[in-house]
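So this one's data_29.txt, compact mmCIF, C-alpha atoms and all ligand atoms:
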# COMPACT_ATOMS: atom_id res chain seq x y z
CA MET A 115 -13.61 8.44 23.32
CA TYR A 116 -11.68 11.68 23.26
CA PRO A 117 -8.01 12.09 22.41
CA ASN A 118 -5.62 13.67 24.90
CA GLU A 119 -4.90 17.35 24.43
CA PHE A 120 -2.59 18.26 21.59
CA GLU A 121 -1.45 21.35 19.73
CA TYR A 122 -2.61 21.61 16.14
CA HIS A 123 -0.40 23.13 13.42
CA ARG A 124 -1.37 23.55 9.80
CA ALA A 125 1.33 23.54 7.12
CA GLU A 126 0.58 25.25 3.82
CA THR A 127 3.78 24.09 2.10
CA ILE A 128 6.19 21.16 2.26
CA GLU A 129 8.87 23.47 3.68
CA GLU A 130 6.54 24.62 6.45
CA ALA A 131 5.68 21.03 7.32
CA LEU A 132 9.37 20.11 7.54
CA ASP A 133 10.06 23.15 9.75
CA LEU A 134 7.23 22.14 12.08
CA LEU A 135 8.46 18.54 12.27
CA ALA A 136 11.93 19.82 13.15
CA GLU A 137 10.52 22.21 15.75
CA TYR A 138 8.31 19.60 17.44
CA PRO A 139 10.10 16.24 17.60
CA GLY A 140 7.57 13.43 18.08
CA ALA A 141 4.83 15.37 16.26
CA GLU A 142 2.45 13.23 14.19
CA ILE A 143 1.60 14.04 10.60
CA LEU A 144 -2.12 14.37 9.88
CA ALA A 145 -3.09 13.48 6.29
CA GLY A 146 -6.51 11.85 5.77
CA GLY A 147 -6.76 11.13 9.50
CA HIS A 148 -8.42 7.75 8.97
CA SER A 149 -5.77 5.82 10.89
CA LEU A 150 -4.25 8.50 13.10
CA LEU A 151 -7.47 9.87 14.60
CA PRO A 152 -8.87 6.45 15.61
CA THR A 153 -5.56 5.59 17.30
CA MET A 154 -5.62 8.94 19.15
CA LYS A 155 -9.24 8.44 20.20
CA THR A 156 -8.50 4.99 21.58
CA GLY A 157 -5.40 6.28 23.40
CA LEU A 158 -2.96 4.17 21.37
CA ALA A 159 -1.28 7.38 20.20
CA SER A 160 -1.04 10.61 22.20
CA PRO A 161 1.09 13.07 20.28
CA ASP A 162 1.58 16.50 21.82
CA HIS A 163 1.65 18.10 18.37
CA LEU A 164 -0.16 17.40 15.10
CA VAL A 165 1.15 18.75 11.80
CA ASP A 166 -1.75 18.90 9.35
CA ILE A 167 -0.45 18.53 5.79
CA GLY A 168 -3.89 18.17 4.20
CA ARG A 169 -3.77 21.52 2.37
CA ILE A 170 -0.41 21.15 0.68
CA ASP A 171 -1.53 21.14 -2.96
CA ALA A 172 1.94 20.25 -4.25
CA MET A 173 1.50 16.82 -2.67
CA ARG A 174 -1.79 16.00 -4.42
CA GLY A 175 -2.51 14.70 -7.92
CA ILE A 176 -1.40 12.22 -10.55
CA GLU A 177 1.09 12.97 -13.33
CA HIS A 178 2.38 10.88 -16.19
CA GLY A 179 5.75 11.90 -17.60
CA GLY A 180 8.04 9.67 -19.65
CA ASP A 181 8.13 6.19 -18.16
CA THR A 182 6.79 7.20 -14.75
CA VAL A 183 3.42 7.79 -13.17
CA SER A 184 3.77 9.98 -10.07
CA ILE A 185 1.09 9.99 -7.41
CA GLY A 186 1.22 12.78 -4.81
CA ALA A 187 1.17 11.41 -1.27
CA LEU A 188 -2.03 13.31 -0.46
CA THR A 189 -3.96 11.87 -3.39
CA THR A 190 -7.05 10.03 -2.14
CA TYR A 191 -7.84 6.41 -2.93
CA ALA A 192 -10.98 7.60 -4.76
CA ASP A 193 -8.85 9.74 -7.11
CA VAL A 194 -6.42 6.87 -7.69
CA ALA A 195 -9.27 4.42 -8.32
CA ALA A 196 -10.83 6.84 -10.84
CA SER A 197 -7.60 7.64 -12.68
CA GLN A 198 -7.37 6.32 -16.21
CA THR A 199 -3.63 7.01 -16.16
CA VAL A 200 -3.09 4.70 -13.20
CA GLN A 201 -5.49 2.12 -14.63
CA GLU A 202 -3.58 2.03 -17.92
CA ASN A 203 -0.07 2.00 -16.46
CA ALA A 204 -0.25 0.37 -13.03
CA THR A 205 -3.48 -1.63 -13.02
CA VAL A 206 -2.64 -3.44 -9.80
CA VAL A 207 -2.69 -0.16 -7.86
CA THR A 208 -6.12 0.73 -9.26
CA GLU A 209 -7.44 -2.69 -8.32
CA ALA A 210 -6.18 -2.39 -4.74
CA ALA A 211 -7.46 1.20 -4.34
CA HIS A 212 -10.98 0.02 -5.23
CA GLU A 213 -10.83 -2.54 -2.42
CA ILE A 214 -10.02 -0.14 0.43
CA GLY A 215 -12.66 0.44 3.12
CA ASP A 216 -15.87 2.16 2.06
CA VAL A 217 -16.76 5.32 0.12
CA GLN A 218 -15.98 7.60 3.07
CA VAL A 219 -12.58 6.04 3.66
CA ARG A 220 -11.75 6.16 -0.05
CA ASN A 221 -12.71 9.84 -0.23
CA ARG A 222 -10.56 10.90 2.73
CA GLY A 223 -7.72 8.38 3.07
CA THR A 224 -4.50 9.15 1.22
CA VAL A 225 -2.05 6.85 -0.55
CA GLY A 226 0.84 8.41 1.38
CA GLY A 227 -0.90 7.92 4.73
CA ASN A 228 -1.68 4.33 3.85
CA VAL A 229 1.89 3.30 3.08
CA ALA A 230 3.48 5.52 5.78
CA HIS A 231 1.18 4.02 8.42
CA ALA A 232 2.21 0.52 7.21
CA ASP A 233 -0.60 -1.41 8.82
CA PRO A 234 0.12 -5.03 7.87
CA ALA A 235 -3.55 -5.46 6.91
CA SER A 236 -3.69 -2.41 4.60
CA ASP A 237 -4.28 -2.98 0.91
CA LEU A 238 -1.83 -0.66 -0.81
CA PRO A 239 1.55 -1.94 0.45
CA GLY A 240 1.24 -5.24 -1.46
CA ALA A 241 0.13 -3.41 -4.59
CA MET A 242 3.10 -1.03 -4.30
CA LEU A 243 5.44 -4.04 -4.11
CA ALA A 244 3.81 -5.56 -7.20
CA ALA A 245 3.97 -2.24 -9.07
CA ASP A 246 7.66 -1.78 -8.16
CA ALA A 247 7.05 1.66 -6.65
CA THR A 248 9.66 4.17 -5.52
CA PHE A 249 8.87 6.39 -2.53
CA VAL A 250 10.09 9.97 -2.57
CA ALA A 251 10.76 11.41 0.89
CA ARG A 252 11.73 14.97 1.86
CA GLY A 253 13.63 15.68 5.05
CA PRO A 254 15.87 18.41 6.47
CA ASP A 255 18.70 17.28 4.15
CA GLY A 256 16.62 17.23 0.96
CA SER A 257 14.93 14.48 -1.06
CA ARG A 258 15.72 10.81 -1.27
CA HIS A 259 14.24 7.92 -3.25
CA VAL A 260 13.46 4.67 -1.43
CA PRO A 261 12.73 1.55 -3.53
CA VAL A 262 9.61 -0.28 -2.33
CA ASP A 263 11.65 -3.40 -1.53
CA ASP A 264 13.46 -1.36 1.18
CA PHE A 265 10.46 0.58 2.47
CA PHE A 266 8.28 -1.72 4.62
CA GLU A 267 10.30 -2.77 7.66
CA GLY A 268 7.76 -4.18 10.11
CA MET A 269 4.43 -3.56 11.81
CA TYR A 270 3.74 0.17 11.44
CA ALA A 271 7.43 0.63 10.60
CA THR A 272 8.90 2.00 7.40
CA ALA A 273 12.18 3.43 6.17
CA LEU A 274 10.82 6.97 6.71
CA ALA A 275 12.57 8.95 9.44
CA GLU A 276 10.54 10.86 12.02
CA ASP A 277 11.44 14.19 10.47
CA GLU A 278 10.71 13.08 6.90
CA LEU A 279 7.63 13.60 4.79
CA LEU A 280 6.61 11.19 2.06
CA THR A 281 5.84 13.55 -0.80
CA ARG A 282 5.06 11.25 -3.72
CA ILE A 283 5.12 7.73 -5.05
CA ASP A 284 6.62 7.00 -8.46
CA LEU A 285 5.38 4.00 -10.41
CA PRO A 286 7.06 2.68 -13.56
CA ALA A 287 4.53 3.01 -16.40
CA GLN A 288 3.77 -0.54 -17.49
CA PRO A 289 1.00 -0.31 -20.07
CA ASP A 290 1.62 -3.89 -21.22
CA ALA A 291 1.49 -5.47 -17.76
CA VAL A 292 -1.68 -7.05 -16.44
CA GLY A 293 -2.52 -6.54 -12.78
CA ALA A 294 -4.94 -7.97 -10.25
CA TYR A 295 -5.61 -7.84 -6.51
CA ALA A 296 -7.42 -10.61 -4.64
CA LYS A 297 -8.44 -9.92 -1.05
CA LYS A 298 -10.08 -11.83 1.75
CA PRO A 299 -11.54 -8.96 3.79
CA SER A 300 -11.94 -9.16 7.51
CA PRO A 301 -15.68 -9.57 8.17
CA SER A 302 -15.53 -6.93 10.94
CA SER A 303 -13.18 -4.23 9.64
CA GLY A 304 -12.88 -4.82 5.90
CA TYR A 305 -9.08 -4.71 6.14
CA ALA A 306 -7.17 -7.52 4.39
CA MET A 307 -6.97 -10.79 6.33
CA VAL A 308 -4.95 -11.71 3.28
CA GLY A 309 -4.49 -9.70 0.09
CA VAL A 310 -2.39 -10.66 -2.92
CA ALA A 311 -1.37 -8.19 -5.62
CA VAL A 312 0.17 -9.30 -8.91
CA SER A 313 1.63 -7.51 -11.90
CA ILE A 314 2.64 -9.66 -14.85
CA SER A 315 4.20 -8.97 -18.26
CA ILE A 316 3.97 -11.57 -21.01
CA GLU A 317 6.23 -11.74 -24.06
CA GLY A 318 5.51 -14.23 -26.80
CA ASP A 319 3.36 -16.53 -24.76
CA VAL A 320 5.48 -16.78 -21.63
CA VAL A 321 5.84 -14.72 -18.47
CA SER A 322 8.71 -12.26 -18.93
CA ASP A 323 8.31 -10.32 -15.70
CA VAL A 324 6.23 -10.83 -12.59
CA ARG A 325 6.03 -9.18 -9.19
CA ILE A 326 3.73 -10.34 -6.40
CA GLY A 327 3.10 -8.60 -3.07
CA ALA A 328 1.05 -9.85 -0.13
CA ASN A 329 -0.63 -8.03 2.77
CA GLY A 330 -1.99 -9.36 6.04
CA VAL A 331 0.21 -12.44 6.22
CA VAL A 332 3.21 -11.35 8.29
CA ASP A 333 3.93 -8.11 10.16
CA HIS A 334 4.57 -6.16 6.94
CA ALA A 335 3.83 -6.47 3.24
CA VAL A 336 6.15 -8.96 1.52
CA ARG A 337 7.07 -10.12 -1.97
CA LEU A 338 6.24 -13.74 -2.79
CA GLU A 339 9.49 -14.37 -4.64
CA PRO A 340 9.26 -18.18 -4.78
CA VAL A 341 5.95 -17.80 -6.66
CA GLU A 342 7.54 -15.25 -9.00
CA ASP A 343 10.45 -17.63 -9.65
CA ALA A 344 8.07 -20.51 -10.37
CA LEU A 345 6.24 -18.45 -13.00
CA ALA A 346 9.19 -16.87 -14.79
CA GLY A 347 9.45 -18.16 -18.35
CA GLU A 348 6.26 -20.25 -18.02
CA ARG A 349 3.05 -20.09 -19.97
CA LEU A 350 0.46 -18.47 -17.70
CA ASP A 351 -2.04 -21.32 -17.75
CA GLY A 352 -4.05 -23.02 -15.02
CA ASP A 353 -1.46 -25.70 -14.30
CA ALA A 354 1.43 -23.23 -14.00
CA ILE A 355 -0.67 -20.96 -11.78
CA ALA A 356 -1.71 -23.78 -9.43
CA ALA A 357 1.84 -25.08 -9.18
CA ALA A 358 3.28 -21.60 -8.54
CA ALA A 359 0.62 -20.71 -5.94
CA GLY A 360 1.69 -23.80 -4.02
CA HIS A 361 4.93 -21.94 -3.24
CA ALA A 362 3.14 -18.93 -1.69
CA GLY A 363 4.21 -19.76 1.86
CA ASP A 364 7.81 -20.64 0.95
CA GLY A 365 10.38 -18.25 2.31
CA LEU A 366 8.08 -16.73 4.93
CA ASP A 367 9.74 -18.74 7.71
CA GLU A 368 11.97 -15.83 8.64
CA TRP A 369 8.87 -13.94 9.81
CA ILE A 370 6.03 -15.03 12.04
CA LEU A 371 2.70 -15.55 10.34
CA MET A 372 -0.01 -13.28 11.79
CA ASP A 373 -2.13 -15.22 14.26
CA ASP A 374 -5.10 -13.44 15.80
CA SER A 375 -8.81 -13.70 16.54
CA GLN A 376 -9.58 -13.17 12.84
CA ALA A 377 -7.52 -16.07 11.53
CA SER A 378 -4.99 -18.53 12.90
CA ALA A 379 -1.54 -18.69 11.34
CA ALA A 380 -2.42 -22.04 9.72
CA PHE A 381 -5.62 -20.62 8.19
CA ARG A 382 -3.74 -17.56 6.93
CA GLY A 383 -1.23 -19.86 5.25
CA GLN A 384 -4.09 -21.60 3.44
CA LEU A 385 -5.72 -18.31 2.51
CA LEU A 386 -2.44 -17.05 1.12
CA GLU A 387 -2.20 -19.95 -1.30
CA VAL A 388 -5.85 -19.67 -2.37
CA TYR A 389 -5.72 -15.89 -2.87
CA THR A 390 -2.43 -16.10 -4.72
CA GLU A 391 -4.07 -18.50 -7.17
CA ARG A 392 -7.11 -16.20 -7.47
CA ALA A 393 -5.04 -13.10 -8.17
CA LEU A 394 -2.92 -14.93 -10.75
CA THR A 395 -5.99 -16.41 -12.42
CA GLU A 396 -7.64 -12.99 -12.62
CA ALA A 397 -4.52 -11.53 -14.21
CA ALA A 398 -4.33 -14.47 -16.62
CA GLU A 399 -7.95 -13.93 -17.64
CA ARG A 400 -7.13 -10.30 -18.39
CA ALA A 401 -4.10 -11.38 -20.39
CA GLY A 402 -6.30 -13.88 -22.27
CA THR A 403 -4.12 -16.85 -21.34
CA VAL A 404 -6.81 -18.50 -19.23
CA THR A 405 -10.56 -18.62 -19.71
CA VAL A 406 -12.59 -19.15 -16.58
CA THR A 407 -16.11 -20.51 -16.96
CA THR A 408 -18.58 -19.82 -14.17
C1 LIG B 501 -13.51 2.40 8.91
C2 LIG B 501 -12.14 2.26 8.26
C3 LIG B 501 -11.93 1.24 7.36
C4 LIG B 501 -10.67 1.10 6.75
N1 LIG B 501 -10.49 0.08 5.86
C5 LIG B 501 -9.31 -0.04 5.24
C6 LIG B 501 -9.10 -1.07 4.27
O1 LIG B 501 -9.96 -1.89 3.95
N2 LIG B 501 -7.86 -1.12 3.66
C7 LIG B 501 -6.87 -0.22 3.95
O2 LIG B 501 -5.80 -0.31 3.36
N3 LIG B 501 -7.06 0.75 4.86
C8 LIG B 501 -8.24 0.88 5.50
N4 LIG B 501 -8.41 1.89 6.42
C9 LIG B 501 -7.30 2.81 6.74
C10 LIG B 501 -7.26 3.95 5.77
O3 LIG B 501 -6.81 3.42 4.55
C11 LIG B 501 -6.31 5.10 6.20
O4 LIG B 501 -6.69 6.15 5.38
C12 LIG B 501 -4.83 4.88 6.02
O5 LIG B 501 -4.37 3.78 6.76
C13 LIG B 501 -4.03 6.08 6.50
O6 LIG B 501 -4.12 7.14 5.56
P1 LIG B 501 -4.54 8.59 6.04
O7 LIG B 501 -4.34 9.49 4.89
O8 LIG B 501 -5.90 8.52 6.61
O9 LIG B 501 -3.40 8.88 7.11
P2 LIG B 501 -3.47 9.47 8.59
O10 LIG B 501 -4.41 8.69 9.42
O11 LIG B 501 -3.65 10.94 8.55
O12 LIG B 501 -1.95 9.16 9.04
C14 LIG B 501 -1.55 7.85 9.35
C15 LIG B 501 -0.07 7.86 9.76
O13 LIG B 501 0.73 8.02 8.60
C16 LIG B 501 1.66 9.09 8.76
N5 LIG B 501 1.64 9.87 7.51
C17 LIG B 501 0.53 10.25 6.80
N6 LIG B 501 0.90 10.87 5.68
C18 LIG B 501 2.24 10.93 5.68
C19 LIG B 501 3.21 11.47 4.78
N7 LIG B 501 2.84 12.06 3.63
N8 LIG B 501 4.52 11.34 5.09
C20 LIG B 501 4.91 10.72 6.25
N9 LIG B 501 4.04 10.18 7.14
C21 LIG B 501 2.72 10.29 6.85
C22 LIG B 501 1.23 9.91 9.96
O14 LIG B 501 2.34 10.21 10.76
C23 LIG B 501 0.28 9.01 10.70
O15 LIG B 501 0.90 8.48 11.83
C24 LIG B 501 -9.64 2.04 7.04
C25 LIG B 501 -9.87 3.07 7.96
C26 LIG B 501 -11.11 3.21 8.56
C27 LIG B 501 -11.34 4.34 9.51
Just give me the structure of the file as structure tokens.
Amino acid sequence: MYPNEFEYHRAETIEEALDLLAEYPGAEILAGGHSLLPTMKTGLASPDHLVDIGRIDAMRGIEHGGDTVSIGALTTYADVAASQTVQENATVVTEAAHEIGDVQVRNRGTVGGNVAHADPASDLPGAMLAADATFVARGPDGSRHVPVDDFFEGMYATALAEDELLTRIDLPAQPDAVGAYAKKPSPSSGYAMVGVAVSISIEGDVVSDVRIGANGVVDHAVRLEPVEDALAGERLDGDAIAAAAGHAGDGLDEWILMDDSQASAAFRGQLLEVYTERALTEAAERAGTVTVTT
């Protein structure tokens, strides 16, 4: 299939990209192209103008300064997955990046495109919730910081305005936290039917901080706060994990569980509980609080 005709514009700098977005309202931003181009080819999107940001070097790379790891929005999944800095300070993001698509997708797709596109079945949104990310957006009026808890608003909907560019993602450096991502991939597409991302800190021998994000369950990535509450102050052992995972579906009533040809809502609910337990168990193994024999 061929996309409808469009005008192509290449931005060399962030300022140029913002000028182009202001000049052509409704223009789409082209980053890795791995979501936008398929939707254009299938006719689901028909922008008149494309603003290619792929060559803006200032939006690419990983930096560690003070308590923050900053990932440029144009950084590929492959670069995130290979980064020791991210691995050491935000393990859950590394784990999720490894799980995205295949080698081609990981070499072209960008972290900014992934979260800006906000496909409910994408892998990174849940990991960003678990890692407590902050999104840095630039628009005509300057920069603003959006906490991850306010970013994902619905299916393909985020807090970004049409004339804003996501320039980078800041992650709190958490070298003492353990992270894990457990995913049930769709057999046809590889996207997450359900994916659960956890980041846990342990002090003494109890959980001092825990954040859990889930993809694929409702129309946008969500925190599993009842599970977090059940784990707070507990020893991270098998019993606590099983009991906490039993709360995975609590609090999701305000949204509608995804129900499609891949999985019914009831099956998704079951998967959510199972994959929450798997992600927690994997993190507990890493923390040395649980030993799993195979
Ligand atoms: C075969 C295949 C398998 C895939 N499997 C998976 C998978 O298992 N898991 C998964 O998570 N994803 C998967 N994907 C999707 C892939 O991760 C995409 O790369 C991602 O969804 C979008 O990132 P991109 O850089 O390609 O963005 P693009 O496709 O270029 O852009 C997507 C949208 O995001 C917006 N956008 C992009 N960058 C910015 C920015 N900096 N600021 C503001 N808006 C921006 C654009 O307006 C555009 O509408 C798969 C894709 C393919 C083709």
Can you measure CA of Pro299 in chain A to atom O1 of ligand LIG 501 (chain B) for me? One decimal in Å is fine. 7.2 Å
Determine, counting all atoms listed in the file, which protein, DNA and RNA residues have an atom within 7 Å of an atom of Gly186 in chain A; residues of the same chain fewer than 3 positions away are not included. Present the result as a list of chain:residue names. A:Met173, A:Arg174, A:Gly175, A:Ile176, A:Thr189, A:Thr281, A:Arg282, A:Ile283
Using C-alpha atoms, can you write the selected residues to a file as a PDB file, in the coordinates of the input?
ATOM      1  CA  MET A 173       1.500  16.820  -2.670  1.00  0.00           C
ATOM      2  CA  ARG A 174      -1.790  16.000  -4.420  1.00  0.00           C
ATOM      3  CA  GLY A 175      -2.510  14.700  -7.920  1.00  0.00           C
ATOM      4  CA  ILE A 176      -1.400  12.220 -10.550  1.00  0.00           C
ATOM      5  CA  THR A 189      -3.960  11.870  -3.390  1.00  0.00           C
ATOM      6  CA  THR A 281       5.840  13.550  -0.800  1.00  0.00           C
ATOM      7  CA  ARG A 282       5.060  11.250  -3.720  1.00  0.00           C
ATOM      8  CA  ILE A 283       5.120   7.730  -5.050  1.00  0.00           C
TER       9      ILE A 283
END
Residues at most 9 Å from Ala159 in chain A, counting only C-alpha atoms, excluding those fewer than 6 positions away in the same chain, as a ChimeraX atom specification? /A:117-118,150-153
Sorted per-residue table, chain A near ligand LIG 501 (chain B), closest atoms and distance, 6 Å, all atoms listed in the file, as CSV:
residue,atom,partner,partner_atom,distance
A:Glu142,CA,B:LIG501,O14,4.6
A:Ile143,CA,B:LIG501,O14,3.9
A:Leu144,CA,B:LIG501,O11,4.0
A:Ala145,CA,B:LIG501,O11,3.4
A:Gly146,CA,B:LIG501,O7,3.3
A:Gly147,CA,B:LIG501,O11,3.3
A:His148,CA,B:LIG501,O8,3.5
A:Ser149,CA,B:LIG501,O10,3.5
A:Leu150,CA,B:LIG501,O10,3.7
A:Ala187,CA,B:LIG501,N7,5.2
A:Ile214,CA,B:LIG501,O1,3.9
A:Gly215,CA,B:LIG501,N1,3.5
A:Val219,CA,B:LIG501,C26,5.8
A:Gly223,CA,B:LIG501,O4,3.4
A:Thr224,CA,B:LIG501,O7,3.7
A:Gly226,CA,B:LIG501,N7,4.7
A:Gly227,CA,B:LIG501,O6,3.4
A:Asn228,CA,B:LIG501,C12,3.9
A:Ala230,CA,B:LIG501,O13,4.7
A:His231,CA,B:LIG501,O13,4.0
A:Ser236,CA,B:LIG501,O2,3.2
A:Asp237,CA,B:LIG501,O2,3.9
A:Leu238,CA,B:LIG501,O2,5.8
A:Leu279,CA,B:LIG501,N8,3.9
A:Leu280,CA,B:LIG501,N8,3.7
A:Thr281,CA,B:LIG501,N7,5.6
A:Gly304,CA,B:LIG501,O1,4.6
A:Tyr305,CA,B:LIG501,O1,3.7
Residues near Met242 in chain A, cut-off 9 Å, all atoms listed in the file, skip fewer than 3 positions along chain, as a PyMOL selection string: chain A and resi 206-207+229+238-239+245-248+262+285+311+327
As a ChimeraX atom specification, please: the residues near range 202-204 of chain A (cut-off 6 Å, all atoms listed in the file, same-chain neighbours under 5 positions excluded). /A:287-289
Between A:Ala346, A:Ala354, A:Val308, A:Ala241, single out the one closest to Gly293 in chain A, counting all atoms listed in the file.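 Closest candidate: A:Ala241.
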Nearest to Asp171 in chain A, restricted to only C-alpha atoms and choosing among A:Ala125, A:Glu276, A:Thr208, A:Met154, comes out as A:Ala125
Which polymer residues have any atom within 10 Å of an atom of Glu267 in chain A, counting only C-alpha atoms, with same-chain residues fewer than 2 positions away left out, as a ChimeraX atom specification? /A:232,263-265,269-274,333-336
What is the CA of Ala244 in chain A to CA of Arg169 in chain A distance in Å?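 Between CA of Ala244 in chain A and CA of Arg169 in chain A the gap is 29.7 Å.
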Enter the distance from CA of Ile316 in chain A to CA of Val341 in chain A, in Å, rounded to one decimal.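 These atoms are spaced 15.8 Å apart.
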For a cutoff of 12 Å around the file-coordinate point (7.5, -24.8, -11.0), which residues qualify once you count all atoms listed in the file? I'd like the result as a count of residues only. 21
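Ranking A:Phe266, A:Tyr389, A:Trp369, A:Phe249 by their shortest atom-to-atom distance to Ala306 in chain A, with all atoms listed in the file included, puts A:Tyr389 first.
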Calculated over all atoms listed in the file, which of the candidates A:Gly363, A:Val310, A:Asp193, A:Gly268 has the smallest distance to Ala380 in chain A?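 Between A:Gly363, A:Val310, A:Asp193, A:Gly268, the residue approaching Ala380 in chain A most closely is A:Gly363.
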Rank nothing, just name the residue among A:Ala291, A:Ala275, A:Ala328, A:Leu164 nearest to Arg258 in chain A, using all atoms listed in the file.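 Closest to Arg258 in chain A, using all atoms listed in the file: A:Ala275.
Proximity ranking of A:Arg392, A:His178, A:Arg325, A:His212 relative to Tyr191 in chain A places A:His212 first, based on all atoms listed in the file.
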